[in-house]
$ cat start_0.txt   # compact mmCIF, C-alpha atoms
# COMPACT_ATOMS: atom_id res chain seq x y z
CA MET U 1455 -6.92 -6.31 -2.79
CA ILE U 1456 -6.46 -2.78 -4.20
CA TYR U 1457 -9.58 -2.99 -6.34
CA ALA U 1458 -11.94 -4.15 -3.58
CA TYR U 1459 -14.90 -2.05 -2.46
CA ILE U 1460 -17.51 -2.78 0.27
CA CYS U 1461 -20.92 -2.25 2.02
CA TYR U 1462 -22.20 -1.69 5.51
CA VAL U 1463 -24.28 -4.54 6.91
CA GLN U 1464 -26.60 -2.75 9.28
CA LYS U 1465 -29.82 -1.43 7.73
CA ILE U 1466 -29.17 2.27 8.02
CA SER U 1467 -28.69 4.95 5.42
CA ILE U 1468 -25.31 5.87 3.97
CA SER U 1469 -25.63 9.35 5.43
CA LYS U 1470 -26.18 7.85 8.85
CA ILE U 1471 -23.12 5.67 8.40
CA LYS U 1472 -21.11 8.73 7.55
CA ASN U 1473 -22.36 10.64 10.56
CA GLN U 1474 -22.19 7.85 13.12
CA ILE U 1475 -19.21 5.80 12.00
CA LEU U 1476 -16.84 8.10 10.16
CA PRO U 1477 -17.54 11.75 10.98
CA ILE U 1478 -15.11 14.43 9.96
CA GLU U 1479 -13.06 14.80 13.12
CA ASN U 1480 -10.93 17.67 11.95
CA ILE U 1481 -11.60 19.88 8.94
CA MET U 1482 -8.63 22.17 9.51
CA ALA U 1483 -6.70 20.41 6.74
CA LYS U 1484 -9.67 19.99 4.41
CA GLN U 1485 -8.27 22.65 2.11
CA PHE U 1486 -5.58 20.11 1.20
CA VAL U 1487 -7.93 17.18 0.57
CA ILE U 1488 -9.18 18.02 -2.91
CA GLU U 1489 -5.80 18.77 -4.44
CA GLU U 1490 -4.41 15.47 -3.10
CA MET U 1491 -7.38 13.29 -4.00
CA ILE U 1492 -5.69 11.64 -6.98
CA ALA U 1493 -2.53 10.83 -5.01
CA ASN U 1494 -4.59 9.52 -2.10
CA ALA U 1495 -6.39 7.00 -4.25
CA ILE U 1496 -5.78 4.15 -6.67
CA GLU U 1497 -4.66 5.98 -9.77
CA PRO U 1498 -6.96 5.72 -12.81
CA ARG U 1499 -5.54 3.93 -15.86
CA SER U 1500 -2.74 2.42 -13.79
CA LYS U 1501 -1.34 -1.01 -14.64
CA MET U 1502 -0.73 -4.12 -12.55
CA TRP U 1503 2.51 -6.04 -13.06
CA ASN U 1504 2.68 -9.28 -11.09
CA LEU U 1505 5.90 -10.72 -12.44
CA TRP U 1506 6.03 -13.59 -9.96
CA HIS U 1507 3.34 -15.08 -7.76
CA GLY U 1508 3.33 -16.52 -4.26
CA CYS U 1509 5.00 -15.59 -1.00
CA HIS U 1510 6.01 -16.83 2.43
CA LYS U 1511 4.29 -15.42 5.51
CA LEU U 1512 6.75 -13.29 7.41
CA SER U 1513 5.07 -11.30 10.20
CA ALA U 1514 1.76 -10.63 11.94
CA GLY U 1515 0.30 -8.73 9.00
CA CYS U 1516 0.64 -11.84 6.82
CA ALA U 1517 -1.62 -14.04 8.95
CA HIS U 1518 -4.71 -13.62 6.77
CA CYS U 1519 -2.99 -12.70 3.49
CA TYR U 1520 -5.40 -11.89 0.65
CA VAL U 1521 -3.19 -13.80 -1.81
CA TYR U 1522 -3.39 -16.95 0.30
CA ARG U 1523 -7.15 -16.51 0.63
CA GLY U 1524 -7.65 -16.17 -3.08
CA ASP U 1525 -5.29 -19.00 -3.99
CA SER U 1526 -6.93 -21.40 -1.55
CA LYS U 1527 -10.23 -21.01 -3.41
CA ARG U 1528 -8.49 -22.10 -6.62
CA GLY U 1529 -6.45 -24.91 -5.10
CA ILE U 1530 -3.15 -23.05 -5.56
CA ASP U 1531 -0.27 -23.33 -3.10
CA SER U 1532 0.71 -19.73 -2.33
CA ALA U 1533 4.00 -20.85 -0.82
CA THR U 1534 5.17 -22.07 -4.22
CA ILE U 1535 6.79 -19.15 -6.02
CA THR U 1536 6.33 -19.07 -9.77
CA LYS U 1537 7.27 -16.68 -12.55
CA THR U 1538 4.11 -15.46 -14.27
CA LYS U 1539 3.20 -15.14 -17.94
CA SER U 1540 3.26 -11.37 -17.56
CA PHE U 1541 6.87 -11.33 -16.38
CA ASP U 1542 7.97 -9.16 -19.32
CA ALA U 1543 4.84 -7.01 -19.47
CA PRO U 1544 6.59 -3.59 -19.25
CA VAL U 1545 8.69 -4.28 -22.36
CA GLN U 1546 6.05 -6.03 -24.46
CA LYS U 1547 5.40 -4.20 -27.72
CA LYS U 1548 2.58 -3.84 -30.19
CA ARG U 1549 2.92 -4.62 -33.88
CA ASP U 1550 3.90 -1.04 -34.61
CA GLY U 1551 6.87 -1.36 -32.26
CA THR U 1552 5.50 0.84 -29.48
CA TYR U 1553 5.18 -0.40 -25.91
CA LYS U 1554 1.86 -1.88 -24.84
CA ILE U 1555 2.04 0.02 -21.55
CA PRO U 1556 2.00 3.71 -22.47
CA ALA U 1557 4.55 6.16 -21.16
CA GLY U 1558 3.59 7.90 -17.93
CA SER U 1559 1.59 4.99 -16.54
CA LEU U 1560 1.78 4.05 -12.87
CA VAL U 1561 2.68 0.37 -12.59
CA TYR U 1562 1.72 -1.43 -9.38
CA THR U 1563 4.54 -3.95 -9.13
CA CYS U 1564 4.54 -7.42 -7.57
CA PHE U 1565 1.27 -7.17 -5.64
CA THR U 1566 0.79 -10.96 -5.38
CA SER U 1567 4.24 -11.50 -3.91
CA ASP U 1568 7.13 -9.44 -2.51
CA PHE U 1569 9.65 -7.97 -4.93
CA PHE U 1570 12.48 -8.74 -2.49
CA LEU U 1571 11.46 -12.34 -1.78
CA GLU U 1572 14.46 -14.68 -1.58
CA ASP U 1573 12.94 -17.16 -4.02
CA ALA U 1574 12.90 -14.47 -6.73
CA ASP U 1575 16.61 -13.66 -6.49
CA PRO U 1576 17.40 -15.39 -9.83
CA TRP U 1577 14.72 -13.38 -11.67
CA ARG U 1578 15.18 -9.96 -10.09
CA PRO U 1579 18.17 -8.78 -12.20
CA GLN U 1580 16.05 -9.15 -15.34
CA ALA U 1581 13.21 -7.33 -13.60
CA TRP U 1582 15.55 -4.43 -12.82
CA ASP U 1583 16.64 -4.41 -16.47
CA MET U 1584 13.03 -3.94 -17.57
CA ILE U 1585 12.42 -1.24 -14.96
CA ARG U 1586 15.58 0.53 -16.10
CA GLU U 1587 14.49 0.32 -19.75
CA ARG U 1588 11.07 1.77 -18.95
CA SER U 1589 12.20 4.91 -17.18
CA ASP U 1590 9.17 6.57 -18.78
CA LEU U 1591 6.89 4.61 -16.39
CA ARG U 1592 6.40 4.96 -12.63
CA PHE U 1593 6.86 1.74 -10.68
CA LEU U 1594 5.44 1.29 -7.17
CA MET U 1595 6.15 -1.75 -5.01
CA ILE U 1596 5.31 -2.68 -1.41
CA THR U 1597 7.59 -4.82 0.73
CA LYS U 1598 7.85 -6.33 4.19
CA ARG U 1599 11.44 -7.31 3.39
CA ILE U 1600 13.10 -3.91 3.44
CA ASP U 1601 16.01 -5.54 5.29
CA ARG U 1602 16.88 -7.36 2.04
CA LEU U 1603 16.99 -4.22 -0.08
CA GLY U 1604 20.75 -3.74 0.03
CA ALA U 1605 21.43 -7.24 -1.28
CA CYS U 1606 18.87 -6.91 -4.09
CA LEU U 1607 19.69 -3.60 -5.77
CA PRO U 1608 21.28 -3.23 -9.22
CA ASP U 1609 24.84 -1.87 -9.46
CA ASP U 1610 23.73 1.44 -10.97
CA TRP U 1611 21.02 2.15 -8.37
CA GLY U 1612 23.02 4.89 -6.64
CA ASP U 1613 20.71 6.81 -4.27
CA GLY U 1614 17.65 5.48 -6.08
CA TRP U 1615 15.86 5.78 -9.41
CA ASP U 1616 13.51 8.69 -9.91
CA HIS U 1617 10.75 6.51 -11.40
CA VAL U 1618 10.65 3.90 -8.61
CA THR U 1619 8.64 4.25 -5.38
CA ILE U 1620 9.23 1.67 -2.66
CA CYS U 1621 6.71 1.30 0.15
CA CYS U 1622 7.43 -0.45 3.45
CA THR U 1623 4.67 -2.16 5.44
CA VAL U 1624 4.53 -1.70 9.21
CA GLU U 1625 1.43 -3.36 10.61
CA ASN U 1626 2.22 -2.92 14.31
CA GLN U 1627 4.69 -1.13 16.57
CA ASP U 1628 7.11 -4.03 16.64
CA ARG U 1629 7.50 -4.01 12.86
CA ALA U 1630 7.63 -0.22 12.76
CA ASP U 1631 10.47 -0.23 15.26
CA TYR U 1632 12.37 -2.85 13.25
CA ARG U 1633 11.70 -1.78 9.67
CA LEU U 1634 11.49 2.02 9.74
CA PRO U 1635 15.12 2.70 10.78
CA ILE U 1636 16.23 0.47 7.89
CA PHE U 1637 13.75 2.10 5.52
CA ARG U 1638 14.75 5.62 6.49
CA ALA U 1639 18.44 4.91 5.85
CA ALA U 1640 17.83 3.10 2.55
CA PRO U 1641 18.85 4.75 -0.75
CA ILE U 1642 15.36 5.24 -2.22
CA LYS U 1643 14.14 8.40 -3.97
CA HIS U 1644 10.45 7.94 -3.13
CA LYS U 1645 9.32 6.28 0.13
CA ARG U 1646 5.86 5.56 1.49
CA ILE U 1647 4.87 3.89 4.76
CA ILE U 1648 2.02 1.37 4.62
CA CYS U 1649 0.17 0.77 7.90
CA GLU U 1650 -2.09 -1.92 6.47
CA PRO U 1651 -3.43 -4.09 7.87
CA LEU U 1652 -3.35 -1.74 10.86
CA LEU U 1653 -3.38 -4.15 13.80
CA GLU U 1654 -2.75 -1.81 16.71
CA ARG U 1655 -1.85 1.75 17.63
CA ILE U 1656 1.43 2.75 15.95
CA ASP U 1657 3.53 5.70 17.08
CA LEU U 1658 5.51 7.13 14.14
CA SER U 1659 6.72 10.20 16.03
CA PRO U 1660 10.22 8.84 16.83
CA TYR U 1661 11.05 8.47 13.14
CA ASP U 1662 10.90 12.08 11.86
CA ILE U 1663 8.86 10.93 8.86
CA GLY U 1664 8.51 14.50 7.60
CA LEU U 1665 12.19 14.42 6.63
CA TRP U 1666 11.98 11.43 4.31
CA ALA U 1667 8.53 9.85 3.80
CA GLU U 1668 6.18 11.10 1.09
CA GLN U 1669 3.01 9.41 2.32
CA VAL U 1670 1.51 7.22 5.04
CA VAL U 1671 -1.29 4.83 4.04
CA ALA U 1672 -3.56 3.33 6.72
CA GLY U 1673 -6.19 0.64 6.39
CA GLY U 1674 -7.92 -2.19 8.17
CA GLU U 1675 -7.81 -5.88 7.35
CA SER U 1676 -10.28 -7.51 4.96
CA GLY U 1677 -11.66 -11.05 5.00
CA VAL U 1678 -13.79 -13.12 7.36
CA GLN U 1679 -10.88 -13.63 9.76
CA ALA U 1680 -10.00 -9.94 9.85
CA ARG U 1681 -8.70 -8.42 13.05
CA PRO U 1682 -10.36 -5.15 14.17
CA CYS U 1683 -9.09 -1.73 13.17
CA ASP U 1684 -9.83 1.18 15.52
CA PHE U 1685 -10.58 4.61 14.06
CA ASP U 1686 -8.62 6.18 16.92
CA TRP U 1687 -5.46 4.48 15.63
CA VAL U 1688 -6.14 5.86 12.16
CA MET U 1689 -6.68 9.39 13.46
CA GLU U 1690 -3.49 9.30 15.51
CA LEU U 1691 -1.53 8.41 12.38
CA ARG U 1692 -3.25 11.20 10.49
CA GLU U 1693 -2.50 13.73 13.21
CA GLU U 1694 1.18 12.76 13.14
CA CYS U 1695 1.23 13.14 9.35
CA VAL U 1696 -0.36 16.60 9.52
CA PHE U 1697 2.15 17.61 12.20
CA GLN U 1698 5.07 16.24 10.17
CA ASN U 1699 3.73 17.58 6.85
CA VAL U 1700 3.37 14.14 5.23
CA SER U 1701 0.55 13.09 2.93
CA PHE U 1702 -1.98 10.74 4.57
CA TRP U 1703 -4.37 8.30 2.91
CA PHE U 1704 -7.02 6.38 4.84
CA LYS U 1705 -7.45 3.61 2.28
CA GLN U 1706 -10.02 1.24 3.76
CA THR U 1707 -11.84 0.51 7.01
CA GLY U 1708 -11.31 -3.23 6.96
CA ALA U 1709 -14.01 -5.80 7.73
CA LYS U 1710 -14.16 -5.08 11.48
CA PHE U 1711 -14.09 -1.40 12.29
CA ILE U 1712 -14.18 0.17 15.75
CA LYS U 1713 -15.55 3.69 16.21
CA ASP U 1714 -16.14 5.20 19.66
CA GLY U 1715 -15.72 1.78 21.23
CA GLN U 1716 -18.34 0.10 19.06
CA LEU U 1717 -17.45 -2.66 16.59
CA TYR U 1718 -19.04 -2.34 13.14
CA PRO U 1719 -18.93 -5.15 10.58
CA ILE U 1720 -18.19 -3.58 7.20
CA PRO U 1721 -18.75 -5.82 4.16
CA ARG U 1722 -16.12 -5.74 1.48
CA ARG U 1723 -18.13 -3.63 -0.96
CA LEU U 1724 -18.01 -0.54 1.29
CA GLN U 1725 -14.64 -0.70 3.01
CA HIS U 1726 -12.95 1.73 0.62
CA SER U 1727 -15.94 4.03 0.17
CA GLN U 1728 -16.56 4.35 3.92
CA ALA U 1729 -12.92 5.31 4.41
CA ARG U 1730 -13.33 8.04 1.78
CA LYS U 1731 -16.47 9.32 3.51
CA ALA U 1732 -14.41 10.05 6.61
CA GLU U 1733 -12.80 12.87 4.60
CA ILE U 1734 -9.59 12.71 6.58
CA ASN U 1735 -7.13 12.31 3.71
CA SER U 1736 -4.60 15.11 3.64
CA CYS U 1737 -1.62 16.08 1.55
CA SER U 1738 1.67 17.68 2.43
CA ARG U 1739 2.05 21.43 2.23
CA GLN U 1740 4.75 22.37 -0.25
$ encode --input "start_0.txt" --output "structure tokens"
Amino acid sequence: MIYAYICYVQKISISKIKNQILPIENIMAKQFVIEEMIANAIEPRSKMWNLWHGCHKLSAGCAHCYVYRGDSKRGIDSATITKTKSFDAPVQKKRDGTYKIPAGSLVYTCFTSDFFLEDADPWRPQAWDMIRERSDLRFLMITKRIDRLGACLPDDWGDGWDHVTICCTVENQDRADYRLPIFRAAPIKHKRIICEPLLERIDLSPYDIGLWAEQVVAGGESGVQARPCDFDWVMELREECVFQNVSFWFKQTGAKFIKDGQLYPIPRRLQHSQARKAEINSCSRQ
């Protein structure tokens, strides 16, 4: 998922794609783009920690899950939750006694499952122990189960751990209206809102995101069964983020991208790069 890049199927130049599909709609905030480019991107030299694998589809955004797609090609049942061989990866050490994952690394956590999945309840306390031990790392996890957070936190969590970022997915207005009030009230130091796959127009204005969210990420759906993503929806999210002084990252176009009412098929190889060419990422003003 997060390492996928794509190509545009129609036989036109990249510059023409940029001009016709993803023009710069507003360069007023362009002064903030360069300084935020690392934050609004997959961080170089980051690590992936998938401590358990598999999930259960929960809401509309799960319909064409990339994990299910990949597992089906290998004959794996994604609904069977299993602890992986890399379960203890953060605390694994080299022969000299130092950790294999160097201090300061960003660790993408549980990206082939959901950290707050019910099936993982027996394993999660040990996972928290490892996260606690490696306070020199930065852990980032994405969940659709923010309503389970309170029942899944360690006793010493308090108002959150400084080195843990929790992201909540809201793929449509219905899930935004259900999950964001819970997310806003949750004791988490670093919060990001993930509008991916973006399935419809989402209005974030009722939630005062400038008071508590660090970033909003938007992106279309990948895969042959992908549902369309409209650039207008993306721009409306961006405009709200600029207004609320929240960092915004347009991560990928998805496989079916609508611009000015026209549907463009975007092959996987260009979905991330075409989003970058829009040059609409922005960061918060400190």
$ residues_around --input "start_0.txt" --residues "region 1514-1516 of chain U" --least-positions-apart "4" --cutoff "12 Å" --atoms "only C-alpha atoms" --output "compact mmCIF listing (two decimals) with C-alpha atoms, in the coordinates of the input"
# COMPACT_ATOMS: atom_id res chain seq x y z
CA CYS U 1509 5.00 -15.59 -1.00
CA HIS U 1510 6.01 -16.83 2.43
CA TYR U 1520 -5.40 -11.89 0.65
CA VAL U 1521 -3.19 -13.80 -1.81
CA TYR U 1522 -3.39 -16.95 0.30
CA ARG U 1523 -7.15 -16.51 0.63
CA SER U 1567 4.24 -11.50 -3.91
CA ASP U 1568 7.13 -9.44 -2.51
CA THR U 1597 7.59 -4.82 0.73
CA LYS U 1598 7.85 -6.33 4.19
CA THR U 1623 4.67 -2.16 5.44
CA VAL U 1624 4.53 -1.70 9.21
CA GLU U 1625 1.43 -3.36 10.61
CA ASN U 1626 2.22 -2.92 14.31
CA GLN U 1627 4.69 -1.13 16.57
CA ASP U 1628 7.11 -4.03 16.64
CA ARG U 1629 7.50 -4.01 12.86
CA ALA U 1630 7.63 -0.22 12.76
CA ILE U 1648 2.02 1.37 4.62
CA CYS U 1649 0.17 0.77 7.90
CA GLU U 1650 -2.09 -1.92 6.47
CA PRO U 1651 -3.43 -4.09 7.87
CA LEU U 1652 -3.35 -1.74 10.86
CA LEU U 1653 -3.38 -4.15 13.80
CA GLU U 1654 -2.75 -1.81 16.71
CA GLY U 1673 -6.19 0.64 6.39
CA GLY U 1674 -7.92 -2.19 8.17
CA GLU U 1675 -7.81 -5.88 7.35
CA SER U 1676 -10.28 -7.51 4.96
CA ALA U 1680 -10.00 -9.94 9.85
CA ARG U 1681 -8.70 -8.42 13.05
$ residues_around --input "start_0.txt" --residues "Arg1646 (chain U)" --least-positions-apart "2" --cutoff "9 Å" --atoms "all atoms listed in the file" --output "number ranges by chain"
U: 1596, 1619-1623, 1644, 1648, 1666-1671
$ write_last_selection --input "start_0.txt" --atoms "C-alpha atoms" --output "PDB file, keeping the file's coordinate frame"
ATOM      1  CA  ILE U1596       5.310  -2.680  -1.410  1.00  0.00           C
ATOM      2  CA  THR U1619       8.640   4.250  -5.380  1.00  0.00           C
ATOM      3  CA  ILE U1620       9.230   1.670  -2.660  1.00  0.00           C
ATOM      4  CA  CYS U1621       6.710   1.300   0.150  1.00  0.00           C
ATOM      5  CA  CYS U1622       7.430  -0.450   3.450  1.00  0.00           C
ATOM      6  CA  THR U1623       4.670  -2.160   5.440  1.00  0.00           C
ATOM      7  CA  HIS U1644      10.450   7.940  -3.130  1.00  0.00           C
ATOM      8  CA  ILE U1648       2.020   1.370   4.620  1.00  0.00           C
ATOM      9  CA  TRP U1666      11.980  11.430   4.310  1.00  0.00           C
ATOM     10  CA  ALA U1667       8.530   9.850   3.800  1.00  0.00           C
ATOM     11  CA  GLU U1668       6.180  11.100   1.090  1.00  0.00           C
ATOM     12  CA  GLN U1669       3.010   9.410   2.320  1.00  0.00           C
ATOM     13  CA  VAL U1670       1.510   7.220   5.040  1.00  0.00           C
ATOM     14  CA  VAL U1671      -1.290   4.830   4.040  1.00  0.00           C
TER      15      VAL U1671
END
$ closest_residue --input "start_0.txt" --among "U:Arg1499, U:His1617, U:Lys1705, U:Arg1528" --to "Ser1736 (chain U)" --atoms "all atoms listed in the file"
U:Lys1705
$ closest_residue --input "start_0.txt" --among "U:Gly1715, U:Pro1660, U:Thr1707, U:Leu1560" --to "Lys1731 (chain U)" --atoms "only C-alpha atoms"
U:Thr1707
$ atom_distance --input "start_0.txt" --atom1 "CA of Trp1503 (chain U)" --atom2 "CA of Lys1554 (chain U)"
12.5 Å
$ atom_distance --input "start_0.txt" --atom1 "CA of Lys1537 (chain U)" --atom2 "CA of Lys1501 (chain U)"
18.0 Å
$ closest_residue --input "start_0.txt" --among "U:Leu1591, U:Cys1695, U:Ala1543, U:Ile1535" --to "Ala1557 (chain U)" --atoms "all atoms listed in the file"
U:Leu1591
$ atom_distance --input "start_0.txt" --atom1 "CA of Gly1551 (chain U)" --atom2 "CA of Pro1579 (chain U)"
24.2 Å
$ closest_residue --input "start_0.txt" --among "U:Ala1729, U:Met1689, U:Ile1636, U:Val1696" --to "Gly1708 (chain U)" --atoms "only C-alpha atoms"
U:Ala1729
$ closest_residue --input "start_0.txt" --among "U:Arg1586, U:Arg1578, U:Arg1592, U:Lys1511" --to "Phe1541 (chain U)" --atoms "only C-alpha atoms"
U:Arg1578
$ decode --input "start_0.txt" --residues "region 1554-1576 of chain U" --atoms "C-alpha atoms" --output "short mmCIF file (atom, residue, chain, number, x, y, z; two decimals), in the first residue's frame"
data_model
loop_
_atom_site.label_atom_id
_atom_site.label_comp_id
_atom_site.auth_asym_id
_atom_site.auth_seq_id
_atom_site.Cartn_x
_atom_site.Cartn_y
_atom_site.Cartn_z
CA LYS U 1554 18.46 -3.64 15.13
CA ILE U 1555 16.08 -0.71 14.59
CA PRO U 1556 18.14 2.43 15.23
CA ALA U 1557 16.99 5.16 17.57
CA GLY U 1558 14.98 7.92 15.94
CA SER U 1559 13.39 5.70 13.31
CA LEU U 1560 9.75 6.11 12.34
CA VAL U 1561 8.01 2.74 12.69
CA TYR U 1562 4.84 2.19 10.65
CA THR U 1563 2.92 -0.11 12.98
CA CYS U 1564 0.38 -2.82 12.13
CA PHE U 1565 -0.26 -1.88 8.50
CA THR U 1566 -1.59 -5.34 7.54
CA SER U 1567 -4.14 -5.36 10.34
CA ASP U 1568 -5.59 -2.97 12.93
CA PHE U 1569 -3.72 -2.46 16.19
CA PHE U 1570 -7.02 -2.36 18.10
CA LEU U 1571 -8.53 -5.47 16.51
CA GLU U 1572 -10.40 -7.62 19.04
CA ASP U 1573 -8.57 -10.78 18.00
CA ALA U 1574 -5.25 -9.21 19.04
CA ASP U 1575 -6.33 -8.41 22.59
CA PRO U 1576 -4.16 -11.20 24.10
#
